[in-house]
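Heads up, data20.pdb below (PDB, C-alpha atoms):
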```pdb
ATOM      1  CA  MET A   1       8.230   9.932 -25.716
ATOM      2  CA  HIS A   2       5.915   7.394 -24.097
ATOM      3  CA  ALA A   3       2.750   8.000 -22.091
ATOM      4  CA  TRP A   4      -0.338   6.310 -20.709
ATOM      5  CA  LEU A   5      -3.131   7.354 -23.094
ATOM      6  CA  CYS A   6      -6.791   7.543 -22.114
ATOM      7  CA  GLU A   7      -8.659   7.187 -25.406
ATOM      8  CA  ASN A   8     -11.906   5.974 -23.842
ATOM      9  CA  PRO A   9     -12.663   7.096 -20.237
ATOM     10  CA  VAL A  10     -14.286   3.884 -19.031
ATOM     11  CA  GLY A  11     -11.718   3.087 -16.345
ATOM     12  CA  VAL A  12      -8.120   2.196 -15.633
ATOM     13  CA  ASP A  13      -8.104  -0.992 -17.713
ATOM     14  CA  ALA A  14      -8.594   1.020 -20.914
ATOM     15  CA  LEU A  15      -5.342   2.981 -20.436
ATOM     16  CA  GLN A  16      -2.590   2.111 -22.912
ATOM     17  CA  TRP A  17       1.180   2.787 -22.777
ATOM     18  CA  LYS A  18       2.028   4.227 -26.193
ATOM     19  CA  GLU A  19       4.829   5.946 -28.051
ATOM     20  CA  ILE A  20       3.743   9.378 -29.277
ATOM     21  CA  PRO A  21       5.587  12.345 -30.837
ATOM     22  CA  THR A  22       7.420  14.519 -28.314
ATOM     23  CA  PRO A  23       5.712  17.928 -28.477
ATOM     24  CA  GLN A  24       7.477  21.287 -28.520
ATOM     25  CA  PRO A  25       6.433  24.076 -26.144
ATOM     26  CA  LYS A  26       4.458  27.019 -27.514
ATOM     27  CA  ALA A  27       4.582  30.551 -26.097
ATOM     28  CA  GLY A  28       4.250  30.490 -22.322
ATOM     29  CA  GLU A  29       4.860  26.738 -22.089
ATOM     30  CA  VAL A  30       7.684  24.410 -21.106
ATOM     31  CA  LEU A  31       8.530  20.830 -21.999
ATOM     32  CA  ILE A  32       9.225  18.804 -18.854
ATOM     33  CA  GLU A  33      11.119  15.531 -18.666
ATOM     34  CA  ILE A  34       9.114  13.806 -15.947
ATOM     35  CA  LYS A  35      11.068  12.198 -13.113
ATOM     36  CA  ALA A  36       8.153  11.455 -10.745
ATOM     37  CA  ALA A  37       4.350  11.741 -10.755
ATOM     38  CA  SER A  38       1.980  11.141  -7.862
ATOM     39  CA  LEU A  39      -1.342   9.352  -7.925
ATOM     40  CA  ASN A  40      -4.265  11.393  -6.597
ATOM     41  CA  PHE A  41      -7.960  10.573  -6.183
ATOM     42  CA  PRO A  42      -8.950  12.851  -9.126
ATOM     43  CA  ASP A  43      -6.614  10.789 -11.352
ATOM     44  CA  LEU A  44      -8.932   7.834 -10.751
ATOM     45  CA  LEU A  45     -12.121   9.815 -11.339
ATOM     46  CA  ILE A  46     -10.868  11.437 -14.555
ATOM     47  CA  VAL A  47     -10.231   8.128 -16.367
ATOM     48  CA  GLN A  48     -13.732   7.000 -15.314
ATOM     49  CA  ASN A  49     -15.320  10.200 -16.728
ATOM     50  CA  LYS A  50     -16.481  11.080 -13.197
ATOM     51  CA  TYR A  51     -14.369  14.196 -12.594
ATOM     52  CA  GLN A  52     -15.640  17.763 -13.013
ATOM     53  CA  MET A  53     -12.879  18.457 -15.544
ATOM     54  CA  LYS A  54     -13.391  16.424 -18.732
ATOM     55  CA  PRO A  55     -10.364  16.828 -21.032
ATOM     56  CA  ALA A  56     -10.616  16.282 -24.787
ATOM     57  CA  LEU A  57      -9.782  12.742 -25.891
ATOM     58  CA  PRO A  58      -7.245  11.291 -26.057
ATOM     59  CA  PHE A  59      -5.444  12.623 -22.991
ATOM     60  CA  VAL A  60      -2.659  11.564 -20.653
ATOM     61  CA  PRO A  61      -3.803  11.395 -16.992
ATOM     62  CA  GLY A  62      -1.562  12.396 -14.113
ATOM     63  CA  SER A  63      -2.395  15.694 -12.460
ATOM     64  CA  GLU A  64       0.781  16.270 -10.457
ATOM     65  CA  TYR A  65       4.418  15.670 -11.323
ATOM     66  CA  ALA A  66       8.000  16.876 -11.032
ATOM     67  CA  GLY A  67      10.935  16.804 -13.369
ATOM     68  CA  VAL A  68      13.468  18.804 -15.337
ATOM     69  CA  VAL A  69      12.755  21.543 -17.890
ATOM     70  CA  ALA A  70      13.835  20.201 -21.301
ATOM     71  CA  ALA A  71      12.744  23.151 -23.486
ATOM     72  CA  VAL A  72      11.081  26.533 -22.994
ATOM     73  CA  GLY A  73       8.612  28.329 -25.230
ATOM     74  CA  GLU A  74       8.609  31.927 -26.351
ATOM     75  CA  GLY A  75       8.313  34.493 -23.568
ATOM     76  CA  VAL A  76       9.292  32.134 -20.741
ATOM     77  CA  THR A  77      12.010  33.897 -18.768
ATOM     78  CA  HIS A  78      11.664  32.663 -15.160
ATOM     79  CA  LEU A  79      12.470  29.029 -16.019
ATOM     80  CA  LYS A  80      15.599  27.631 -17.686
ATOM     81  CA  VAL A  81      16.498  24.373 -19.413
ATOM     82  CA  GLY A  82      17.883  21.965 -16.817
ATOM     83  CA  GLN A  83      15.929  23.494 -13.927
ATOM     84  CA  SER A  84      13.936  21.212 -11.603
ATOM     85  CA  VAL A  85      10.243  22.066 -11.250
ATOM     86  CA  ALA A  86       7.000  20.678  -9.870
ATOM     87  CA  CYS A  87       3.674  21.207 -11.568
ATOM     88  CA  LEU A  88       0.000  20.498 -11.022
ATOM     89  CA  SER A  89      -1.679  20.938 -14.388
ATOM     90  CA  GLY A  90      -4.517  18.403 -14.126
ATOM     91  CA  THR A  91      -3.266  16.028 -16.842
ATOM     92  CA  GLY A  92      -0.054  14.934 -18.551
ATOM     93  CA  GLY A  93       1.925  13.437 -15.685
ATOM     94  CA  PHE A  94       1.825   9.715 -16.456
ATOM     95  CA  GLY A  95       4.442   9.676 -19.188
ATOM     96  CA  THR A  96       8.087  10.417 -19.875
ATOM     97  CA  HIS A  97       7.511  14.033 -20.995
ATOM     98  CA  THR A  98       4.721  16.605 -20.949
ATOM     99  CA  ILE A  99       3.943  20.179 -21.949
ATOM    100  CA  ALA A 100       2.986  22.434 -19.017
ATOM    101  CA  PRO A 101       2.031  26.097 -18.666
ATOM    102  CA  ALA A 102       5.135  27.840 -17.325
ATOM    103  CA  ALA A 103       2.963  29.866 -14.935
ATOM    104  CA  LEU A 104       1.907  26.672 -13.140
ATOM    105  CA  CYS A 105       5.463  25.423 -12.573
ATOM    106  CA  MET A 106       6.958  25.702  -9.089
ATOM    107  CA  PRO A 107      10.776  26.051  -9.251
ATOM    108  CA  LEU A 108      12.366  23.628  -6.811
ATOM    109  CA  PRO A 109      15.105  24.822  -4.460
ATOM    110  CA  PRO A 110      18.215  22.661  -4.007
ATOM    111  CA  GLY A 111      17.541  19.611  -1.863
ATOM    112  CA  PHE A 112      13.856  19.277  -2.808
ATOM    113  CA  SER A 113      13.627  15.733  -4.200
ATOM    114  CA  HIS A 114      11.540  15.011  -7.302
ATOM    115  CA  VAL A 115       9.598  12.299  -5.432
ATOM    116  CA  ASP A 116       8.657  14.670  -2.591
ATOM    117  CA  ALA A 117       7.917  17.471  -5.070
ATOM    118  CA  ALA A 118       5.588  15.262  -7.117
ATOM    119  CA  ALA A 119       3.596  14.557  -3.953
ATOM    120  CA  PHE A 120       3.609  18.096  -2.575
ATOM    121  CA  ILE A 121       1.458  20.718  -4.286
ATOM    122  CA  MET A 122      -2.032  19.220  -4.216
ATOM    123  CA  ILE A 123      -2.079  17.909  -0.663
ATOM    124  CA  TYR A 124      -0.286  20.782   1.056
ATOM    125  CA  ALA A 125      -1.996  23.543  -0.906
ATOM    126  CA  THR A 126      -5.415  22.002  -0.253
ATOM    127  CA  SER A 127      -4.738  21.511   3.448
ATOM    128  CA  HIS A 128      -3.138  24.932   4.012
ATOM    129  CA  HIS A 129      -5.965  26.715   2.172
ATOM    130  CA  ALA A 130      -8.486  24.677   4.185
ATOM    131  CA  LEU A 131      -7.035  25.082   7.672
ATOM    132  CA  VAL A 132      -5.484  28.552   7.470
ATOM    133  CA  ASP A 133      -7.639  30.520   5.019
ATOM    134  CA  ARG A 134     -11.031  28.837   5.259
ATOM    135  CA  GLY A 135     -10.857  27.338   8.767
ATOM    136  CA  GLN A 136      -8.922  30.158  10.484
ATOM    137  CA  LEU A 137      -7.298  27.547  12.718
ATOM    138  CA  LYS A 138      -5.537  29.077  15.725
ATOM    139  CA  ALA A 139      -2.833  27.792  18.035
ATOM    140  CA  GLY A 140      -4.361  25.919  20.954
ATOM    141  CA  GLU A 141      -7.510  24.891  19.070
ATOM    142  CA  THR A 142      -8.413  21.262  18.385
ATOM    143  CA  VAL A 143      -8.790  19.920  14.856
ATOM    144  CA  LEU A 144     -10.304  16.560  13.897
ATOM    145  CA  VAL A 145      -8.892  15.139  10.655
ATOM    146  CA  LEU A 146     -11.014  12.476   8.947
ATOM    147  CA  GLY A 147      -9.307  10.123   6.476
ATOM    148  CA  ALA A 148      -6.178  11.172   8.306
ATOM    149  CA  ALA A 149      -3.759   8.607   6.838
ATOM    150  CA  GLY A 150      -4.328   9.627   3.223
ATOM    151  CA  GLY A 151      -2.443  12.265   1.257
ATOM    152  CA  VAL A 152      -4.404  15.366   2.260
ATOM    153  CA  GLY A 153      -4.997  13.940   5.739
ATOM    154  CA  THR A 154      -1.300  13.512   6.520
ATOM    155  CA  ALA A 155      -0.639  17.006   5.141
ATOM    156  CA  ALA A 156      -3.412  18.416   7.337
ATOM    157  CA  ILE A 157      -1.910  16.811  10.456
ATOM    158  CA  GLN A 158       1.521  18.321   9.765
ATOM    159  CA  ILE A 159       0.154  21.782   8.953
ATOM    160  CA  ALA A 160      -2.124  21.839  12.001
ATOM    161  CA  LYS A 161       0.794  20.890  14.261
ATOM    162  CA  THR A 162       2.967  23.575  12.639
ATOM    163  CA  LEU A 163       0.217  26.066  13.537
ATOM    164  CA  GLY A 164       0.225  24.917  17.175
ATOM    165  CA  ALA A 165      -3.112  23.101  17.165
ATOM    166  CA  ARG A 166      -4.050  19.853  18.906
ATOM    167  CA  VAL A 167      -4.813  17.121  16.353
ATOM    168  CA  ILE A 168      -7.186  14.173  16.606
ATOM    169  CA  ALA A 169      -6.659  11.850  13.626
ATOM    170  CA  ALA A 170      -9.409   9.461  12.542
ATOM    171  CA  ALA A 171      -8.524   6.531  10.266
ATOM    172  CA  SER A 172      -9.751   3.044   9.377
ATOM    173  CA  THR A 173      -7.028   0.765  10.803
ATOM    174  CA  ASP A 174      -4.723   0.626  13.806
ATOM    175  CA  GLU A 175      -1.744   0.710  11.433
ATOM    176  CA  LYS A 176      -2.983   3.957   9.880
ATOM    177  CA  CYS A 177      -3.583   5.429  13.337
ATOM    178  CA  GLU A 178       0.018   4.610  14.288
ATOM    179  CA  LEU A 179       1.236   6.403  11.159
ATOM    180  CA  CYS A 180      -0.772   9.477  12.170
ATOM    181  CA  LYS A 181       0.796   9.446  15.647
ATOM    182  CA  SER A 182       4.262   9.151  14.110
ATOM    183  CA  ILE A 183       3.786  12.436  12.190
ATOM    184  CA  GLY A 184       2.398  14.384  15.136
ATOM    185  CA  ALA A 185      -1.232  13.479  15.892
ATOM    186  CA  ASP A 186      -2.004  13.912  19.593
ATOM    187  CA  ALA A 187      -4.818  11.346  19.635
ATOM    188  CA  THR A 188      -6.295   8.862  17.158
ATOM    189  CA  ILE A 189      -9.672   7.262  16.477
ATOM    190  CA  ASN A 190     -10.100   3.981  14.587
ATOM    191  CA  TYR A 191     -13.613   4.519  13.297
ATOM    192  CA  THR A 192     -14.070   0.904  12.239
ATOM    193  CA  LYS A 193     -13.692  -0.190  15.880
ATOM    194  CA  GLU A 194     -15.428   2.510  17.900
ATOM    195  CA  SER A 195     -18.324   4.946  17.696
ATOM    196  CA  LEU A 196     -17.015   8.129  16.109
ATOM    197  CA  ARG A 197     -19.228  10.377  18.263
ATOM    198  CA  ASP A 198     -18.287   8.626  21.504
ATOM    199  CA  ALA A 199     -14.588   8.690  20.635
ATOM    200  CA  ILE A 200     -14.665  12.411  19.731
ATOM    201  CA  LYS A 201     -16.466  13.188  22.988
ATOM    202  CA  ALA A 202     -13.872  11.252  24.988
ATOM    203  CA  ALA A 203     -10.929  12.848  23.169
ATOM    204  CA  THR A 204     -12.218  16.409  23.688
ATOM    205  CA  ASP A 205     -13.707  16.120  27.218
ATOM    206  CA  GLY A 206     -17.137  16.629  25.689
ATOM    207  CA  LYS A 207     -16.278  19.993  24.099
ATOM    208  CA  GLY A 208     -15.863  18.786  20.520
ATOM    209  CA  PRO A 209     -13.289  19.864  17.912
ATOM    210  CA  ASP A 210     -13.031  23.508  16.868
ATOM    211  CA  VAL A 211     -12.287  22.547  13.272
ATOM    212  CA  ILE A 212     -13.203  19.370  11.376
ATOM    213  CA  TYR A 213     -11.246  18.583   8.209
ATOM    214  CA  ASP A 214     -13.316  16.220   6.044
ATOM    215  CA  PRO A 215     -12.000  14.876   2.724
ATOM    216  CA  VAL A 216     -14.120  11.717   3.087
ATOM    217  CA  GLY A 217     -17.832  12.625   3.207
ATOM    218  CA  GLY A 218     -20.251   9.708   3.362
ATOM    219  CA  ASP A 219     -21.560   8.214   6.603
ATOM    220  CA  PHE A 220     -19.085   9.916   8.953
ATOM    221  CA  ALA A 221     -20.062  13.494   8.087
ATOM    222  CA  GLU A 222     -23.207  13.745  10.213
ATOM    223  CA  PRO A 223     -21.860  12.145  13.426
ATOM    224  CA  ALA A 224     -18.731  14.297  13.103
ATOM    225  CA  PHE A 225     -20.729  17.490  12.596
ATOM    226  CA  ARG A 226     -23.008  16.631  15.542
ATOM    227  CA  SER A 227     -19.830  16.486  17.664
ATOM    228  CA  ILE A 228     -18.412  19.897  16.662
ATOM    229  CA  ALA A 229     -17.620  22.572  19.261
ATOM    230  CA  TRP A 230     -19.514  25.838  19.667
ATOM    231  CA  ARG A 231     -18.457  28.187  16.820
ATOM    232  CA  GLY A 232     -16.819  25.221  15.107
ATOM    233  CA  ARG A 233     -15.861  25.210  11.444
ATOM    234  CA  TYR A 234     -16.602  22.126   9.338
ATOM    235  CA  LEU A 235     -14.340  22.045   6.269
ATOM    236  CA  VAL A 236     -15.869  20.302   3.251
ATOM    237  CA  VAL A 237     -12.748  19.150   1.398
ATOM    238  CA  GLY A 238     -13.966  16.200  -0.686
ATOM    239  CA  PHE A 239     -15.910  12.964  -0.910
ATOM    240  CA  ALA A 240     -13.372  10.142  -1.148
ATOM    241  CA  SER A 241     -15.862   7.607   0.213
ATOM    242  CA  GLY A 242     -18.186   8.251  -2.741
ATOM    243  CA  PRO A 243     -21.560   9.410  -1.405
ATOM    244  CA  ILE A 244     -22.120  13.135  -0.898
ATOM    245  CA  PRO A 245     -23.733  13.482   2.546
ATOM    246  CA  SER A 246     -26.840  15.489   3.407
ATOM    247  CA  LEU A 247     -26.583  17.345   6.713
ATOM    248  CA  PRO A 248     -29.563  18.666   8.738
ATOM    249  CA  LEU A 249     -28.999  22.428   8.632
ATOM    250  CA  ASN A 250     -30.516  22.898  12.085
ATOM    251  CA  LEU A 251     -27.197  21.564  13.411
ATOM    252  CA  THR A 252     -25.412  24.709  12.230
ATOM    253  CA  LEU A 253     -27.891  26.781  14.254
ATOM    254  CA  LEU A 254     -27.668  24.661  17.406
ATOM    255  CA  LYS A 255     -23.860  24.696  17.388
ATOM    256  CA  GLY A 256     -23.352  28.237  16.108
ATOM    257  CA  ALA A 257     -21.174  26.403  13.611
ATOM    258  CA  SER A 258     -20.093  27.031  10.025
ATOM    259  CA  LEU A 259     -20.075  24.706   7.033
ATOM    260  CA  VAL A 260     -17.140  25.887   4.926
ATOM    261  CA  GLY A 261     -16.416  24.825   1.345
ATOM    262  CA  VAL A 262     -12.776  24.247   0.343
ATOM    263  CA  PHE A 263     -11.949  24.512  -3.391
ATOM    264  CA  TRP A 264      -8.228  25.159  -3.608
ATOM    265  CA  GLY A 265      -8.116  24.950  -7.411
ATOM    266  CA  ASP A 266     -10.494  27.870  -7.865
ATOM    267  CA  PHE A 267      -8.787  29.814  -5.056
ATOM    268  CA  ALA A 268      -5.492  29.486  -6.971
ATOM    269  CA  ARG A 269      -7.162  30.709 -10.167
ATOM    270  CA  ARG A 270      -9.128  33.578  -8.622
ATOM    271  CA  GLU A 271      -6.523  34.731  -6.069
ATOM    272  CA  PRO A 272      -3.122  33.989  -7.644
ATOM    273  CA  LYS A 273      -1.144  36.375  -5.409
ATOM    274  CA  ALA A 274      -2.543  34.849  -2.221
ATOM    275  CA  ASN A 275      -1.890  31.368  -3.603
ATOM    276  CA  ALA A 276       1.711  32.237  -4.486
ATOM    277  CA  ALA A 277       2.319  33.565  -0.980
ATOM    278  CA  MET A 278       0.861  30.372   0.464
ATOM    279  CA  MET A 279       3.085  28.165  -1.714
ATOM    280  CA  ALA A 280       6.148  30.186  -0.670
ATOM    281  CA  GLU A 281       5.266  29.617   2.991
ATOM    282  CA  LEU A 282       4.829  25.874   2.378
ATOM    283  CA  ALA A 283       8.180  25.628   0.565
ATOM    284  CA  GLY A 284       9.785  27.368   3.541
ATOM    285  CA  TRP A 285       8.189  24.923   5.969
ATOM    286  CA  TYR A 286       9.510  22.011   3.871
ATOM    287  CA  ALA A 287      13.021  23.487   3.925
ATOM    288  CA  GLN A 288      12.758  23.839   7.720
ATOM    289  CA  GLY A 289      11.682  20.200   8.101
ATOM    290  CA  LYS A 290       8.241  21.110   9.484
ATOM    291  CA  ILE A 291       6.377  19.292   6.702
ATOM    292  CA  LYS A 292       7.351  16.373   4.473
ATOM    293  CA  PRO A 293       5.120  14.236   2.250
ATOM    294  CA  VAL A 294       4.392  10.763   3.559
ATOM    295  CA  ILE A 295       5.286   8.443   0.664
ATOM    296  CA  ASP A 296       3.474   5.097   0.780
ATOM    297  CA  SER A 297       5.703   3.710  -1.969
ATOM    298  CA  THR A 298       7.315   4.497  -5.305
ATOM    299  CA  MET A 299       6.562   2.343  -8.346
ATOM    300  CA  PRO A 300       7.880   2.334 -11.931
ATOM    301  CA  MET A 301       5.717   4.347 -14.348
ATOM    302  CA  SER A 302       5.116   1.108 -16.262
ATOM    303  CA  GLU A 303       3.214  -0.287 -13.239
ATOM    304  CA  LEU A 304       0.581   2.453 -13.203
ATOM    305  CA  LYS A 305      -2.353   0.046 -13.371
ATOM    306  CA  ALA A 306      -1.065  -1.834 -10.301
ATOM    307  CA  ALA A 307      -0.708   1.516  -8.508
ATOM    308  CA  TYR A 308      -4.324   2.386  -9.319
ATOM    309  CA  ALA A 309      -5.397  -0.997  -7.908
ATOM    310  CA  HIS A 310      -3.418  -0.342  -4.713
ATOM    311  CA  MET A 311      -5.104   3.060  -4.344
ATOM    312  CA  GLY A 312      -8.529   1.526  -4.953
ATOM    313  CA  SER A 313      -7.946  -0.994  -2.144
ATOM    314  CA  ARG A 314      -7.800   1.921   0.334
ATOM    315  CA  GLY A 315      -4.557   0.523   1.692
ATOM    316  CA  VAL A 316      -2.481   3.556   0.762
ATOM    317  CA  LYS A 317      -0.852   5.549   3.574
ATOM    318  CA  GLY A 318       0.180   8.980   2.319
ATOM    319  CA  LYS A 319       0.986   9.194  -1.388
ATOM    320  CA  LEU A 320       1.823   6.772  -4.176
ATOM    321  CA  VAL A 321       4.475   8.054  -6.593
ATOM    322  CA  MET A 322       5.339   6.754 -10.062
ATOM    323  CA  VAL A 323       8.959   7.209 -11.178
ATOM    324  CA  ASN A 324      10.752   7.178 -14.529
TER     325      ASN A 324
END
```

Show the structure stored in the file as structure tokens.
Amino acid sequence: MHAWLCENPVGVDALQWKEIPTPQPKAGEVLIEIKAASLNFPDLLIVQNKYQMKPALPFVPGSEYAGVVAAVGEGVTHLKVGQSVACLSGTGGFGTHTIAPAALCMPLPPGFSHVDAAAFIMIYATSHHALVDRGQLKAGETVLVLGAAGGVGTAAIQIAKTLGARVIAAASTDEKCELCKSIGADATINYTKESLRDAIKAATDGKGPDVIYDPVGGDFAEPAFRSIAWRGRYLVVGFASGPIPSLPLNLTLLKGASLVGVFWGDFARREPKANAAMMAELAGWYAQGKIKPVIDSTMPMSELKAAYAHMGSRGVKGKLVMVN
């Protein structure tokens, strides 16, 4: 097998495409022949040694992927050789094969493409857990999605519309705003051209959004939170812009509002039954055509470094997927 090896986590340039022995699955594991793997923000952080999870060296990055089961380990009964699966295991995806815990593999129903499946779990699980479980979003409420043209942002728009909410999508270019409208956003804000607070006020008749979905952090967090509706819920999803913002806590008092942390990974670990039910609902929505990953582009696995550069330019709309 071949894989991109991270032997020194100093950045993307240090990754090397190498031939390594194909491993065999142990008890509870499967060997997956990888067909597609998506590029996520943590995949950038992990090769820079900036992610909370620090795998032993050397490791193969690539948190999320889909493919075909090539071998099963002892005790694995729910998966069979030749079956298509998707998996989010944190590492291993940027290669031709990988070993994955069988318990983390999502069997794919007929018609679920490997490209869509490789771009599915992280963004839809994060956004569903955020909006439904943590945000308690109801039909008729208004949600503001920051960073709305990215992977989790596009997923959040689709899920919020499926729930019957009104969606305001905020993004950094007119082109990205048009993408958000094309997948269901009711209104858009280009926050490089207009004041975020003024635009939110205009789009909500001064009331403010009931739920704010924020995977960006940085300078937009405070003006967004100052704009939230009474009893609003501010979902802290991530910090893609880099800086972790500091918010004046008196704002929560003045707005009767909640700051709500969203950590889907730990939710999945601590509440596996609830997570499984959520994933089943999401798979059903995909089958019904209610949600579908927005794929920016697919690139050959050999062009991983170019894909990282594209992601770093902040020009990506939806998800980038590497294919074998």

| Within 10 Å of stretch 205-211 of chain A, counting all atoms listed in the file, which residues qualify if same-chain residues fewer than 5 places away don't, as a ChimeraX atom specification? | /A:131,135-138,140-145,165-168,197-200,224-235,257-258

| Ref. answer, residues at most 7 Å from (3.3, 13.8, -13.1) with all atoms listed in the file, as a VMD selection string | chain A and resid 34 36 to 38 62 to 66 92 to 94 118

| task | Identify, on the basis of only C-alpha atoms, every residue whose closest approach to A:Gln16 does not exceed 9 Å; exclude the query and any residue fewer than 5 positions from it along the same chain; express the result as a ChimeraX atom specification. | result | /A:3-7

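With distances taken over all atoms listed in the file, A:Lys35 is the one residue among A:Lys35, A:His114, A:Lys319, A:Lys193 lying closest to A:Pro300.
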
Taking all atoms of stretch 314-319 of chain A that the file lists and extending 8 Å past them on each side, where is the centre of the axis-aligned box and how long are its edges? Answer in Å to one decimal, as lines of an AutoDock Vina configuration file.
```
center_x = -3.4
center_y = 4.9
center_z = 1.1
size_x = 24.8
size_y = 24.7
size_z = 21.0
```

Expansion of the PyMOL selection byres ((chain A and resi 266-277) around 12) into residues, as a compact mmCIF listing (two decimals) with C-alpha atoms, keeping the file's coordinate frame:
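Written output follows (selection31.txt):
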```txt
# COMPACT_ATOMS: atom_id res chain seq x y z
CA LEU A 88 0.00 20.50 -11.02
CA SER A 89 -1.68 20.94 -14.39
CA ALA A 103 2.96 29.87 -14.94
CA LEU A 104 1.91 26.67 -13.14
CA CYS A 105 5.46 25.42 -12.57
CA MET A 106 6.96 25.70 -9.09
CA PRO A 107 10.78 26.05 -9.25
CA ILE A 121 1.46 20.72 -4.29
CA MET A 122 -2.03 19.22 -4.22
CA TYR A 124 -0.29 20.78 1.06
CA ALA A 125 -2.00 23.54 -0.91
CA THR A 126 -5.42 22.00 -0.25
CA HIS A 128 -3.14 24.93 4.01
CA HIS A 129 -5.96 26.72 2.17
CA ALA A 130 -8.49 24.68 4.18
CA VAL A 132 -5.48 28.55 7.47
CA ASP A 133 -7.64 30.52 5.02
CA ARG A 134 -11.03 28.84 5.26
CA GLY A 261 -16.42 24.82 1.34
CA VAL A 262 -12.78 24.25 0.34
CA PHE A 263 -11.95 24.51 -3.39
CA TRP A 264 -8.23 25.16 -3.61
CA GLY A 265 -8.12 24.95 -7.41
CA MET A 278 0.86 30.37 0.46
CA MET A 279 3.08 28.16 -1.71
CA ALA A 280 6.15 30.19 -0.67
CA GLU A 281 5.27 29.62 2.99
CA LEU A 282 4.83 25.87 2.38
CA ALA A 283 8.18 25.63 0.56
CA GLY A 284 9.78 27.37 3.54
```

Kindly complete stretch 4-21 of chain A to N, CA and C atoms; the output should be written as an mmCIF file, keeping the file's coordinate frame.
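Result went into rebuild.cif, see below:
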```cif
data_model
loop_
_atom_site.group_PDB
_atom_site.id
_atom_site.type_symbol
_atom_site.label_atom_id
_atom_site.label_comp_id
_atom_site.auth_asym_id
_atom_site.auth_seq_id
_atom_site.Cartn_x
_atom_site.Cartn_y
_atom_site.Cartn_z
ATOM 1 N N TRP A 4 0.911 7.060 -20.865
ATOM 2 C CA TRP A 4 -0.338 6.310 -20.709
ATOM 3 C C TRP A 4 -1.471 7.138 -21.324
ATOM 4 N N LEU A 5 -2.080 6.625 -22.393
ATOM 5 C CA LEU A 5 -3.131 7.354 -23.094
ATOM 6 C C LEU A 5 -4.506 6.879 -22.652
ATOM 7 N N CYS A 6 -5.377 7.833 -22.361
ATOM 8 C CA CYS A 6 -6.791 7.543 -22.114
ATOM 9 C C CYS A 6 -7.557 7.945 -23.373
ATOM 10 N N GLU A 7 -7.922 6.938 -24.166
ATOM 11 C CA GLU A 7 -8.659 7.187 -25.406
ATOM 12 C C GLU A 7 -10.152 6.970 -25.223
ATOM 13 N N ASN A 8 -10.503 6.260 -24.148
ATOM 14 C CA ASN A 8 -11.906 5.974 -23.842
ATOM 15 C C ASN A 8 -12.039 5.953 -22.322
ATOM 16 N N PRO A 9 -12.658 6.982 -21.711
ATOM 17 C CA PRO A 9 -12.663 7.096 -20.237
ATOM 18 C C PRO A 9 -13.667 6.169 -19.561
ATOM 19 N N VAL A 10 -13.398 4.872 -19.652
ATOM 20 C CA VAL A 10 -14.286 3.884 -19.031
ATOM 21 C C VAL A 10 -13.606 3.203 -17.852
ATOM 22 N N GLY A 11 -12.404 3.665 -17.486
ATOM 23 C CA GLY A 11 -11.718 3.087 -16.345
ATOM 24 C C GLY A 11 -10.253 2.833 -16.615
ATOM 25 N N VAL A 12 -9.572 2.382 -15.584
ATOM 26 C CA VAL A 12 -8.120 2.196 -15.633
ATOM 27 C C VAL A 12 -7.709 1.159 -16.664
ATOM 28 N N ASP A 13 -8.494 0.099 -16.815
ATOM 29 C CA ASP A 13 -8.104 -0.992 -17.713
ATOM 30 C C ASP A 13 -7.972 -0.537 -19.155
ATOM 31 N N ALA A 14 -8.641 0.549 -19.524
ATOM 32 C CA ALA A 14 -8.594 1.020 -20.914
ATOM 33 C C ALA A 14 -7.344 1.843 -21.217
ATOM 34 N N LEU A 15 -6.561 2.197 -20.203
ATOM 35 C CA LEU A 15 -5.342 2.981 -20.436
ATOM 36 C C LEU A 15 -4.313 2.151 -21.206
ATOM 37 N N GLN A 16 -3.600 2.805 -22.123
ATOM 38 C CA GLN A 16 -2.590 2.111 -22.912
ATOM 39 C C GLN A 16 -1.283 2.903 -22.927
ATOM 40 N N TRP A 17 -0.161 2.189 -22.745
ATOM 41 C CA TRP A 17 1.180 2.787 -22.777
ATOM 42 C C TRP A 17 1.609 2.863 -24.232
ATOM 43 N N LYS A 18 1.762 4.063 -24.766
ATOM 44 C CA LYS A 18 2.028 4.227 -26.193
ATOM 45 C C LYS A 18 3.177 5.189 -26.440
ATOM 46 N N GLU A 19 3.833 4.996 -27.582
ATOM 47 C CA GLU A 19 4.829 5.946 -28.051
ATOM 48 C C GLU A 19 4.127 7.015 -28.879
ATOM 49 N N ILE A 20 4.370 8.265 -28.565
ATOM 50 C CA ILE A 20 3.743 9.378 -29.277
ATOM 51 C C ILE A 20 4.821 10.427 -29.565
ATOM 52 N N PRO A 21 4.585 11.317 -30.540
ATOM 53 C CA PRO A 21 5.587 12.345 -30.837
ATOM 54 C C PRO A 21 5.832 13.254 -29.633
#
```
